[in-house]
file target.cif (mmCIF, C-alpha atoms)
data_data
loop_
_atom_site.group_PDB
_atom_site.id
_atom_site.type_symbol
_atom_site.label_atom_id
_atom_site.label_comp_id
_atom_site.auth_asym_id
_atom_site.auth_seq_id
_atom_site.Cartn_x
_atom_site.Cartn_y
_atom_site.Cartn_z
ATOM 1 C CA MET A 202 0.000 0.000 0.000
ATOM 2 C CA PRO A 203 2.724 2.579 0.811
ATOM 3 C CA GLN A 204 4.306 1.871 -2.591
ATOM 4 C CA VAL A 205 0.990 2.728 -4.314
ATOM 5 C CA LEU A 206 0.828 6.070 -2.491
ATOM 6 C CA LYS A 207 4.447 6.718 -3.499
ATOM 7 C CA ILE A 208 3.543 6.030 -7.148
ATOM 8 C CA PHE A 209 0.723 8.606 -6.929
ATOM 9 C CA LYS A 210 2.983 11.176 -5.265
ATOM 10 C CA ASP A 211 5.860 10.605 -7.708
ATOM 11 C CA ALA A 212 3.477 11.024 -10.655
ATOM 12 C CA GLY A 213 2.191 14.332 -9.290
ATOM 13 C CA ALA A 214 -1.257 12.784 -8.938
ATOM 14 C CA LEU A 215 -1.862 13.758 -5.308
ATOM 15 C CA LEU A 216 -2.931 17.410 -5.493
ATOM 16 C CA GLU A 217 -3.490 19.964 -2.728
ATOM 17 C CA GLY A 218 -5.854 22.933 -2.997
ATOM 18 C CA HIS A 219 -9.638 23.456 -3.098
ATOM 19 C CA PHE A 220 -11.397 20.979 -5.374
ATOM 20 C CA LEU A 221 -14.942 20.373 -6.531
ATOM 21 C CA LEU A 222 -15.353 16.603 -6.750
ATOM 22 C CA SER A 223 -17.627 14.844 -9.254
ATOM 23 C CA SER A 224 -19.883 14.047 -6.288
ATOM 24 C CA GLY A 225 -20.457 17.780 -5.693
ATOM 25 C CA LEU A 226 -18.446 17.711 -2.472
ATOM 26 C CA HIS A 227 -15.398 19.905 -1.852
ATOM 27 C CA SER A 228 -11.972 18.681 -0.691
ATOM 28 C CA ARG A 229 -8.460 19.953 0.120
ATOM 29 C CA GLN A 230 -6.944 16.975 -1.719
ATOM 30 C CA TYR A 231 -7.598 15.501 -5.130
ATOM 31 C CA LEU A 232 -6.283 12.320 -6.655
ATOM 32 C CA GLN A 233 -5.691 12.933 -10.358
ATOM 33 C CA CYS A 234 -5.317 9.320 -11.487
ATOM 34 C CA ALA A 235 -4.833 10.424 -15.083
ATOM 35 C CA ARG A 236 -1.300 11.458 -14.063
ATOM 36 C CA VAL A 237 -0.570 7.839 -13.087
ATOM 37 C CA LEU A 238 -2.469 6.324 -16.011
ATOM 38 C CA GLU A 239 -0.469 8.350 -18.541
ATOM 39 C CA ASN A 240 2.426 5.971 -17.873
ATOM 40 C CA PRO A 241 1.568 2.606 -19.532
ATOM 41 C CA GLN A 242 4.250 0.658 -17.651
ATOM 42 C CA ILE A 243 3.091 1.824 -14.234
ATOM 43 C CA THR A 244 -0.566 1.361 -15.192
ATOM 44 C CA ALA A 245 0.123 -2.203 -16.338
ATOM 45 C CA ARG A 246 1.928 -2.983 -13.059
ATOM 46 C CA LEU A 247 -0.881 -1.577 -10.919
ATOM 47 C CA CYS A 248 -3.558 -3.384 -12.930
ATOM 48 C CA GLU A 249 -1.663 -6.668 -12.810
ATOM 49 C CA GLN A 250 -1.446 -6.294 -9.024
ATOM 50 C CA LEU A 251 -5.182 -5.564 -8.832
ATOM 51 C CA ALA A 252 -6.071 -8.389 -11.255
ATOM 52 C CA ARG A 253 -4.403 -11.000 -9.030
ATOM 53 C CA GLY A 254 -7.396 -10.816 -6.728
ATOM 54 C CA PHE A 255 -9.784 -11.867 -9.506
ATOM 55 C CA LYS A 256 -7.977 -14.771 -11.220
ATOM 56 C CA LYS A 257 -10.436 -17.331 -9.758
ATOM 57 C CA ASP A 258 -13.528 -15.341 -10.767
ATOM 58 C CA LYS A 259 -13.444 -16.360 -14.450
ATOM 59 C CA ILE A 260 -13.948 -12.752 -15.512
ATOM 60 C CA SER A 261 -15.097 -12.515 -19.130
ATOM 61 C CA ALA A 262 -15.561 -8.729 -19.267
ATOM 62 C CA VAL A 263 -14.200 -5.715 -17.416
ATOM 63 C CA ILE A 264 -16.174 -2.487 -17.578
ATOM 64 C CA GLY A 265 -15.592 0.961 -16.184
ATOM 65 C CA PRO A 266 -17.290 4.334 -16.443
ATOM 66 C CA ALA A 267 -15.997 6.836 -18.959
ATOM 67 C CA MET A 268 -13.573 8.546 -18.367
ATOM 68 C CA GLY A 269 -11.846 7.231 -15.272
ATOM 69 C CA GLY A 270 -12.475 3.545 -15.904
ATOM 70 C CA ILE A 271 -11.583 3.240 -19.595
ATOM 71 C CA ILE A 272 -7.829 2.718 -19.312
ATOM 72 C CA LEU A 273 -8.244 0.572 -16.201
ATOM 73 C CA ALA A 274 -10.848 -1.639 -17.894
ATOM 74 C CA TYR A 275 -8.469 -2.168 -20.796
ATOM 75 C CA GLU A 276 -5.434 -3.023 -18.663
ATOM 76 C CA LEU A 277 -7.376 -5.202 -16.217
ATOM 77 C CA ALA A 278 -9.005 -7.044 -19.139
ATOM 78 C CA ARG A 279 -5.568 -7.614 -20.669
ATOM 79 C CA ALA A 280 -4.273 -8.995 -17.372
ATOM 80 C CA LEU A 281 -7.336 -11.245 -16.961
ATOM 81 C CA GLY A 282 -7.696 -12.366 -20.585
ATOM 82 C CA ALA A 283 -11.129 -10.727 -20.793
ATOM 83 C CA ARG A 284 -12.932 -8.160 -22.968
ATOM 84 C CA ALA A 285 -12.647 -4.464 -22.108
ATOM 85 C CA LEU A 286 -15.758 -2.289 -22.213
ATOM 86 C CA PHE A 287 -16.822 1.070 -20.867
ATOM 87 C CA ALA A 288 -20.105 2.746 -20.041
ATOM 88 C CA GLU A 289 -20.784 6.366 -20.818
ATOM 89 C CA ARG A 290 -23.472 8.887 -20.098
ATOM 90 C CA GLU A 291 -26.274 9.256 -22.578
ATOM 91 C CA SER A 292 -29.117 11.588 -21.608
ATOM 92 C CA GLY A 293 -27.654 11.707 -18.081
ATOM 93 C CA LYS A 294 -27.596 7.929 -17.571
ATOM 94 C CA MET A 295 -24.723 5.421 -17.811
ATOM 95 C CA ARG A 296 -25.246 3.059 -20.736
ATOM 96 C CA LEU A 297 -23.391 0.531 -22.824
ATOM 97 C CA ARG A 298 -22.929 2.162 -26.230
ATOM 98 C CA ARG A 299 -20.698 1.777 -29.295
ATOM 99 C CA GLY A 300 -21.929 -1.761 -29.879
ATOM 100 C CA PHE A 301 -20.794 -3.042 -26.465
ATOM 101 C CA SER A 302 -22.975 -5.796 -25.065
ATOM 102 C CA LEU A 303 -23.034 -8.271 -22.206
ATOM 103 C CA SER A 304 -25.058 -11.435 -21.747
ATOM 104 C CA PRO A 305 -26.147 -13.558 -18.768
ATOM 105 C CA LYS A 306 -23.129 -15.793 -19.520
ATOM 106 C CA ASP A 307 -20.674 -12.985 -18.699
ATOM 107 C CA ASN A 308 -18.838 -12.684 -15.375
ATOM 108 C CA VAL A 309 -18.148 -8.981 -15.024
ATOM 109 C CA LEU A 310 -15.594 -6.975 -13.063
ATOM 110 C CA ILE A 311 -16.487 -3.297 -12.702
ATOM 111 C CA CYS A 312 -13.547 -0.932 -12.281
ATOM 112 C CA GLU A 313 -13.043 2.723 -11.442
ATOM 113 C CA ASP A 314 -9.950 4.831 -10.912
ATOM 114 C CA VAL A 315 -11.106 6.480 -7.657
ATOM 115 C CA ILE A 316 -14.221 5.733 -5.625
ATOM 116 C CA THR A 317 -15.518 8.649 -3.558
ATOM 117 C CA THR A 318 -19.293 8.304 -3.219
ATOM 118 C CA GLY A 319 -19.684 5.297 -5.517
ATOM 119 C CA GLY A 320 -22.143 7.160 -7.736
ATOM 120 C CA SER A 321 -20.576 6.319 -11.104
ATOM 121 C CA VAL A 322 -19.961 2.696 -10.110
ATOM 122 C CA SER A 323 -23.569 2.345 -8.957
ATOM 123 C CA GLU A 324 -24.731 3.647 -12.334
ATOM 124 C CA VAL A 325 -22.519 1.126 -14.152
ATOM 125 C CA ILE A 326 -23.848 -1.641 -11.903
ATOM 126 C CA GLU A 327 -27.394 -0.772 -12.998
ATOM 127 C CA ALA A 328 -26.370 -0.801 -16.682
ATOM 128 C CA VAL A 329 -24.706 -4.218 -16.272
ATOM 129 C CA LYS A 330 -27.617 -5.667 -14.283
ATOM 130 C CA ALA A 331 -29.949 -4.705 -17.127
ATOM 131 C CA THR A 332 -28.039 -7.125 -19.397
ATOM 132 C CA GLY A 333 -28.417 -10.082 -17.026
ATOM 133 C CA ALA A 334 -24.625 -10.478 -16.698
ATOM 134 C CA GLU A 335 -23.222 -11.525 -13.320
ATOM 135 C CA ILE A 336 -21.246 -8.873 -11.480
ATOM 136 C CA ARG A 337 -18.434 -10.628 -9.626
ATOM 137 C CA ALA A 338 -16.760 -7.616 -7.981
ATOM 138 C CA VAL A 339 -15.921 -3.923 -8.079
ATOM 139 C CA CYS A 340 -12.343 -2.682 -7.973
ATOM 140 C CA SER A 341 -10.486 0.614 -7.973
ATOM 141 C CA LEU A 342 -6.997 1.955 -7.762
ATOM 142 C CA ALA A 343 -8.041 4.123 -4.822
ATOM 143 C CA ASP A 344 -10.956 4.160 -2.418
ATOM 144 C CA ARG A 345 -11.401 7.561 -0.848
ATOM 145 C CA SER A 346 -14.938 6.984 0.400
ATOM 146 C CA ARG A 347 -15.475 8.017 3.981
ATOM 147 C CA ASP A 348 -18.144 5.423 4.700
ATOM 148 C CA LYS A 349 -18.131 1.815 3.583
ATOM 149 C CA ILE A 350 -20.067 1.561 0.334
ATOM 150 C CA ASP A 351 -22.105 -1.570 -0.260
ATOM 151 C CA PHE A 352 -22.263 -2.379 -3.956
ATOM 152 C CA GLY A 353 -23.723 -5.812 -3.229
ATOM 153 C CA VAL A 354 -20.445 -7.449 -4.294
ATOM 154 C CA ARG A 355 -16.930 -7.303 -2.898
ATOM 155 C CA LEU A 356 -14.915 -4.135 -3.345
ATOM 156 C CA VAL A 357 -11.141 -4.380 -3.796
ATOM 157 C CA SER A 358 -8.893 -1.302 -3.941
ATOM 158 C CA LEU A 359 -5.132 -0.948 -4.059
ATOM 159 C CA ILE A 360 -5.202 1.884 -1.538
ATOM 160 C CA LYS A 361 -7.658 3.398 0.938
ATOM 161 C CA LEU A 362 -7.298 7.154 1.422
ATOM 162 C CA GLU A 363 -9.114 9.297 3.942
ATOM 163 C CA PHE A 364 -9.523 12.837 2.620
ATOM 164 C CA GLU A 365 -11.898 15.220 4.338
ATOM 165 C CA THR A 366 -14.801 16.329 2.170
ATOM 166 C CA TYR A 367 -17.281 19.129 2.719
ATOM 167 C CA ARG A 368 -20.686 20.142 1.440
ATOM 168 C CA SER A 369 -20.341 23.524 -0.268
ATOM 169 C CA ASP A 370 -22.385 25.280 2.421
ATOM 170 C CA GLU A 371 -20.031 23.942 5.136
ATOM 171 C CA CYS A 372 -16.706 24.190 3.287
ATOM 172 C CA PRO A 373 -14.003 26.051 5.263
ATOM 173 C CA LEU A 374 -12.077 26.647 2.023
ATOM 174 C CA CYS A 375 -15.074 28.483 0.527
ATOM 175 C CA LYS A 376 -15.328 30.564 3.699
ATOM 176 C CA GLN A 377 -11.642 31.468 3.263
ATOM 177 C CA LYS A 378 -12.433 32.427 -0.372
ATOM 178 C CA ILE A 379 -9.840 29.985 -1.744
ATOM 179 C CA ALA A 380 -10.392 29.513 -5.482
ATOM 180 C CA LEU A 381 -12.303 26.344 -6.365
ATOM 181 C CA THR A 382 -10.906 24.002 -9.037
ATOM 182 C CA LYS A 383 -13.064 21.442 -10.857
ATOM 183 C CA PRO A 384 -10.731 18.675 -12.094
ATOM 184 C CA GLY A 385 -13.388 15.895 -12.250
ATOM 185 C CA SER A 386 -14.961 14.195 -15.223
ATOM 186 C CA ARG A 387 -18.611 15.312 -15.047
#
call {"tool": "encode", "arguments": {"input": "target.cif", "output": "structure tokens"}}
result
Amino acid sequence: MPQVLKIFKDAGALLEGHFLLSSGLHSRQYLQCARVLENPQITARLCEQLARGFKKDKISAVIGPAMGGIILAYELARALGARALFAERESGKMRLRRGFSLSPKDNVLICEDVITTGGSVSEVIEAVKATGAEIRAVCSLADRSRDKIDFGVRLVSLIKLEFETYRSDECPLCKQKIALTKPGSR
């Protein structure tokens, strides 16, 4: 676990400031996984480490939400010998598009770069459930959720981070008039 945090720090992925998260919450820290994922060798190593936990699950497809889960889905699928798919928003709802499909015969691993509230993962879960495929697990590079999230399947993350988050009306950084940055994907 400490080596994963070092990888994030060395890549310049652990940012300090005042951030608007995709969840709508504010935080002093932000994990910009794209800075880690821009290095294919490091991404492959991290995904191979994460994939080890799913070798017995007979995963046939790995799916993640666009944007954060696309590269991870690809690398995890490569490591597991599975197909790589992604879900994306259409009319405000996560859907399988671009000809992607799943069937009840598929064993699916859902991946995300960082889990904060679990909102995007929950949306992907609903899209996968609609196909009848079996969801075996959810995984992420980092879990920064404050409370344990129950996706109805096991959750595996390479690192658990505890960053304080604030509702905008309670944010001490807003009260200090520190400029707000929106680095997220929504």
call {"tool": "resolve_selection", "arguments": {"input": "target.cif", "expression": "the PyMOL selection byres ((chain A and resi 255) around 10)", "output": "mmCIF file with C-alpha atoms, in the frame of the given file"}}
result
data_model
loop_
_atom_site.group_PDB
_atom_site.id
_atom_site.type_symbol
_atom_site.label_atom_id
_atom_site.label_comp_id
_atom_site.auth_asym_id
_atom_site.auth_seq_id
_atom_site.Cartn_x
_atom_site.Cartn_y
_atom_site.Cartn_z
ATOM 1 C CA LEU A 251 -5.182 -5.564 -8.832
ATOM 2 C CA ALA A 252 -6.071 -8.389 -11.255
ATOM 3 C CA ARG A 253 -4.403 -11.000 -9.030
ATOM 4 C CA GLY A 254 -7.396 -10.816 -6.728
ATOM 5 C CA LYS A 256 -7.977 -14.771 -11.220
ATOM 6 C CA LYS A 257 -10.436 -17.331 -9.758
ATOM 7 C CA ASP A 258 -13.528 -15.341 -10.767
ATOM 8 C CA LYS A 259 -13.444 -16.360 -14.450
ATOM 9 C CA ILE A 260 -13.948 -12.752 -15.512
ATOM 10 C CA LEU A 277 -7.376 -5.202 -16.217
ATOM 11 C CA LEU A 281 -7.336 -11.245 -16.961
ATOM 12 C CA LEU A 310 -15.594 -6.975 -13.063
ATOM 13 C CA ARG A 337 -18.434 -10.628 -9.626
ATOM 14 C CA ALA A 338 -16.760 -7.616 -7.981
ATOM 15 C CA CYS A 340 -12.343 -2.682 -7.973
ATOM 16 C CA VAL A 357 -11.141 -4.380 -3.796
#
call {"tool": "residues_around", "arguments": {"input": "target.cif", "residues": "Pro241 (chain A)", "least_positions_apart": "6", "cutoff": "12 Å", "atoms": "all atoms listed in the file", "output": "list in words"}}
result
Ala235, Leu247, Cys248, Glu249, Ile272, Leu273, Tyr275 and Glu276 of chain A
call {"tool": "atom_distance", "arguments": {"input": "target.cif", "atom1": "CA of Glu291 (chain A)", "atom2": "CA of Lys383 (chain A)"}}
result
21.5 Å
call {"tool": "closest_residue", "arguments": {"input": "target.cif", "among": "A:Ala285, A:Val205, A:Cys375, A:Leu226", "to": "Leu303 (chain A)", "atoms": "all atoms listed in the file"}}
result
A:Ala285
call {"tool": "residues_around", "arguments": {"input": "target.cif", "residues": "region 213-216 of chain A", "least_positions_apart": "2", "cutoff": "6 Å", "atoms": "all atoms listed in the file", "output": "number ranges by chain"}}
result
A: 209-211, 230-234, 236
call {"tool": "axis_aligned_box", "arguments": {"input": "target.cif", "around": "region 215-223 of chain A", "padding_each_side": "5 Å", "output": "lines of an AutoDock Vina configuration file"}}
result
center_x = -9.7
center_y = 18.6
center_z = -6.0
size_x = 25.8
size_y = 19.7
size_z = 16.5
call {"tool": "resolve_selection", "arguments": {"input": "target.cif", "expression": "the PyMOL selection byres ((chain A and resi 224) around 8)", "output": "number ranges by chain"}}
result
A: 222-223, 225-226, 317-318, 320
call {"tool": "atom_distance", "arguments": {"input": "target.cif", "atom1": "CA of Leu286 (chain A)", "atom2": "CA of Thr332 (chain A)"}}
result
13.5 Å
call {"tool": "resolve_selection", "arguments": {"input": "target.cif", "expression": "the PyMOL selection byres ((chain A and resi 367) around 6)", "output": "PDB file with C-alpha atoms, keeping the file's coordinate frame"}}
result
ATOM      1  CA  LEU A 226     -18.446  17.711  -2.472  1.00  0.00           C
ATOM      2  CA  HIS A 227     -15.398  19.905  -1.852  1.00  0.00           C
ATOM      3  CA  THR A 366     -14.801  16.329   2.170  1.00  0.00           C
ATOM      4  CA  ARG A 368     -20.686  20.142   1.440  1.00  0.00           C
ATOM      5  CA  CYS A 372     -16.706  24.190   3.287  1.00  0.00           C
TER       6      CYS A 372
END
call {"tool": "closest_residue", "arguments": {"input": "target.cif", "among": "A:Ala278, A:Ala331, A:Val263, A:Leu297", "to": "Cys312 (chain A)", "atoms": "only C-alpha atoms"}}
result
A:Val263
call {"tool": "build_atoms", "arguments": {"input": "target.cif", "residues": "region 253-280 of chain A", "atoms": "N, CA and C atoms", "output": "PDB file, keeping the file's coordinate frame"}}
result
ATOM      1  N   ARG A 253      -4.723  -9.768  -9.766  1.00  0.00           N
ATOM      2  CA  ARG A 253      -4.403 -11.000  -9.030  1.00  0.00           C
ATOM      3  C   ARG A 253      -5.558 -11.445  -8.133  1.00  0.00           C
ATOM      4  N   GLY A 254      -6.292 -10.508  -7.621  1.00  0.00           N
ATOM      5  CA  GLY A 254      -7.396 -10.816  -6.728  1.00  0.00           C
ATOM      6  C   GLY A 254      -8.631 -11.370  -7.425  1.00  0.00           C
ATOM      7  N   PHE A 255      -8.596 -11.441  -8.760  1.00  0.00           N
ATOM      8  CA  PHE A 255      -9.784 -11.867  -9.506  1.00  0.00           C
ATOM      9  C   PHE A 255      -9.516 -13.045 -10.442  1.00  0.00           C
ATOM     10  N   LYS A 256      -8.346 -13.663 -10.322  1.00  0.00           N
ATOM     11  CA  LYS A 256      -7.977 -14.771 -11.220  1.00  0.00           C
ATOM     12  C   LYS A 256      -8.962 -15.933 -11.126  1.00  0.00           C
ATOM     13  N   LYS A 257      -9.529 -16.193  -9.940  1.00  0.00           N
ATOM     14  CA  LYS A 257     -10.436 -17.331  -9.758  1.00  0.00           C
ATOM     15  C   LYS A 257     -11.874 -17.006 -10.148  1.00  0.00           C
ATOM     16  N   ASP A 258     -12.155 -15.761 -10.486  1.00  0.00           N
ATOM     17  CA  ASP A 258     -13.528 -15.341 -10.767  1.00  0.00           C
ATOM     18  C   ASP A 258     -13.988 -15.588 -12.203  1.00  0.00           C
ATOM     19  N   LYS A 259     -13.094 -16.080 -13.047  1.00  0.00           N
ATOM     20  CA  LYS A 259     -13.444 -16.360 -14.450  1.00  0.00           C
ATOM     21  C   LYS A 259     -14.086 -15.136 -15.106  1.00  0.00           C
ATOM     22  N   ILE A 260     -13.446 -14.006 -14.962  1.00  0.00           N
ATOM     23  CA  ILE A 260     -13.948 -12.752 -15.512  1.00  0.00           C
ATOM     24  C   ILE A 260     -13.911 -12.821 -17.040  1.00  0.00           C
ATOM     25  N   SER A 261     -15.043 -12.532 -17.666  1.00  0.00           N
ATOM     26  CA  SER A 261     -15.097 -12.515 -19.130  1.00  0.00           C
ATOM     27  C   SER A 261     -15.142 -11.091 -19.680  1.00  0.00           C
ATOM     28  N   ALA A 262     -15.504 -10.123 -18.833  1.00  0.00           N
ATOM     29  CA  ALA A 262     -15.561  -8.729 -19.267  1.00  0.00           C
ATOM     30  C   ALA A 262     -15.249  -7.810 -18.101  1.00  0.00           C
ATOM     31  N   VAL A 263     -14.497  -6.759 -18.395  1.00  0.00           N
ATOM     32  CA  VAL A 263     -14.200  -5.715 -17.416  1.00  0.00           C
ATOM     33  C   VAL A 263     -14.793  -4.431 -17.972  1.00  0.00           C
ATOM     34  N   ILE A 264     -15.524  -3.720 -17.129  1.00  0.00           N
ATOM     35  CA  ILE A 264     -16.174  -2.487 -17.578  1.00  0.00           C
ATOM     36  C   ILE A 264     -15.970  -1.388 -16.550  1.00  0.00           C
ATOM     37  N   GLY A 265     -15.729  -0.194 -17.051  1.00  0.00           N
ATOM     38  CA  GLY A 265     -15.592   0.961 -16.184  1.00  0.00           C
ATOM     39  C   GLY A 265     -16.351   2.131 -16.761  1.00  0.00           C
ATOM     40  N   PRO A 266     -16.623   3.136 -15.938  1.00  0.00           N
ATOM     41  CA  PRO A 266     -17.290   4.334 -16.443  1.00  0.00           C
ATOM     42  C   PRO A 266     -16.310   5.219 -17.199  1.00  0.00           C
ATOM     43  N   ALA A 267     -16.802   5.831 -18.274  1.00  0.00           N
ATOM     44  CA  ALA A 267     -15.997   6.836 -18.959  1.00  0.00           C
ATOM     45  C   ALA A 267     -15.964   8.053 -18.042  1.00  0.00           C
ATOM     46  N   MET A 268     -14.913   8.617 -17.833  1.00  0.00           N
ATOM     47  CA  MET A 268     -13.573   8.546 -18.367  1.00  0.00           C
ATOM     48  C   MET A 268     -12.664   7.687 -17.493  1.00  0.00           C
ATOM     49  N   GLY A 269     -12.810   7.817 -16.199  1.00  0.00           N
ATOM     50  CA  GLY A 269     -11.846   7.231 -15.272  1.00  0.00           C
ATOM     51  C   GLY A 269     -11.623   5.743 -15.393  1.00  0.00           C
ATOM     52  N   GLY A 270     -12.609   4.989 -15.860  1.00  0.00           N
ATOM     53  CA  GLY A 270     -12.475   3.545 -15.904  1.00  0.00           C
ATOM     54  C   GLY A 270     -12.037   2.961 -17.228  1.00  0.00           C
ATOM     55  N   ILE A 271     -11.888   3.783 -18.259  1.00  0.00           N
ATOM     56  CA  ILE A 271     -11.583   3.240 -19.595  1.00  0.00           C
ATOM     57  C   ILE A 271     -10.216   2.567 -19.643  1.00  0.00           C
ATOM     58  N   ILE A 272      -9.189   3.282 -19.251  1.00  0.00           N
ATOM     59  CA  ILE A 272      -7.829   2.718 -19.312  1.00  0.00           C
ATOM     60  C   ILE A 272      -7.713   1.537 -18.361  1.00  0.00           C
ATOM     61  N   LEU A 273      -8.296   1.670 -17.171  1.00  0.00           N
ATOM     62  CA  LEU A 273      -8.244   0.572 -16.201  1.00  0.00           C
ATOM     63  C   LEU A 273      -8.953  -0.666 -16.736  1.00  0.00           C
ATOM     64  N   ALA A 274     -10.121  -0.489 -17.341  1.00  0.00           N
ATOM     65  CA  ALA A 274     -10.848  -1.639 -17.894  1.00  0.00           C
ATOM     66  C   ALA A 274      -9.985  -2.347 -18.935  1.00  0.00           C
ATOM     67  N   TYR A 275      -9.311  -1.587 -19.756  1.00  0.00           N
ATOM     68  CA  TYR A 275      -8.469  -2.168 -20.796  1.00  0.00           C
ATOM     69  C   TYR A 275      -7.310  -2.962 -20.185  1.00  0.00           C
ATOM     70  N   GLU A 276      -6.605  -2.359 -19.257  1.00  0.00           N
ATOM     71  CA  GLU A 276      -5.434  -3.023 -18.663  1.00  0.00           C
ATOM     72  C   GLU A 276      -5.835  -4.208 -17.782  1.00  0.00           C
ATOM     73  N   LEU A 277      -6.911  -4.077 -17.030  1.00  0.00           N
ATOM     74  CA  LEU A 277      -7.376  -5.202 -16.217  1.00  0.00           C
ATOM     75  C   LEU A 277      -7.846  -6.343 -17.114  1.00  0.00           C
ATOM     76  N   ALA A 278      -8.550  -6.011 -18.198  1.00  0.00           N
ATOM     77  CA  ALA A 278      -9.005  -7.044 -19.139  1.00  0.00           C
ATOM     78  C   ALA A 278      -7.808  -7.755 -19.765  1.00  0.00           C
ATOM     79  N   ARG A 279      -6.778  -7.006 -20.103  1.00  0.00           N
ATOM     80  CA  ARG A 279      -5.568  -7.614 -20.669  1.00  0.00           C
ATOM     81  C   ARG A 279      -4.959  -8.583 -19.662  1.00  0.00           C
ATOM     82  N   ALA A 280      -4.875  -8.151 -18.417  1.00  0.00           N
ATOM     83  CA  ALA A 280      -4.273  -8.995 -17.372  1.00  0.00           C
ATOM     84  C   ALA A 280      -5.120 -10.230 -17.067  1.00  0.00           C
TER      85      ALA A 280
END
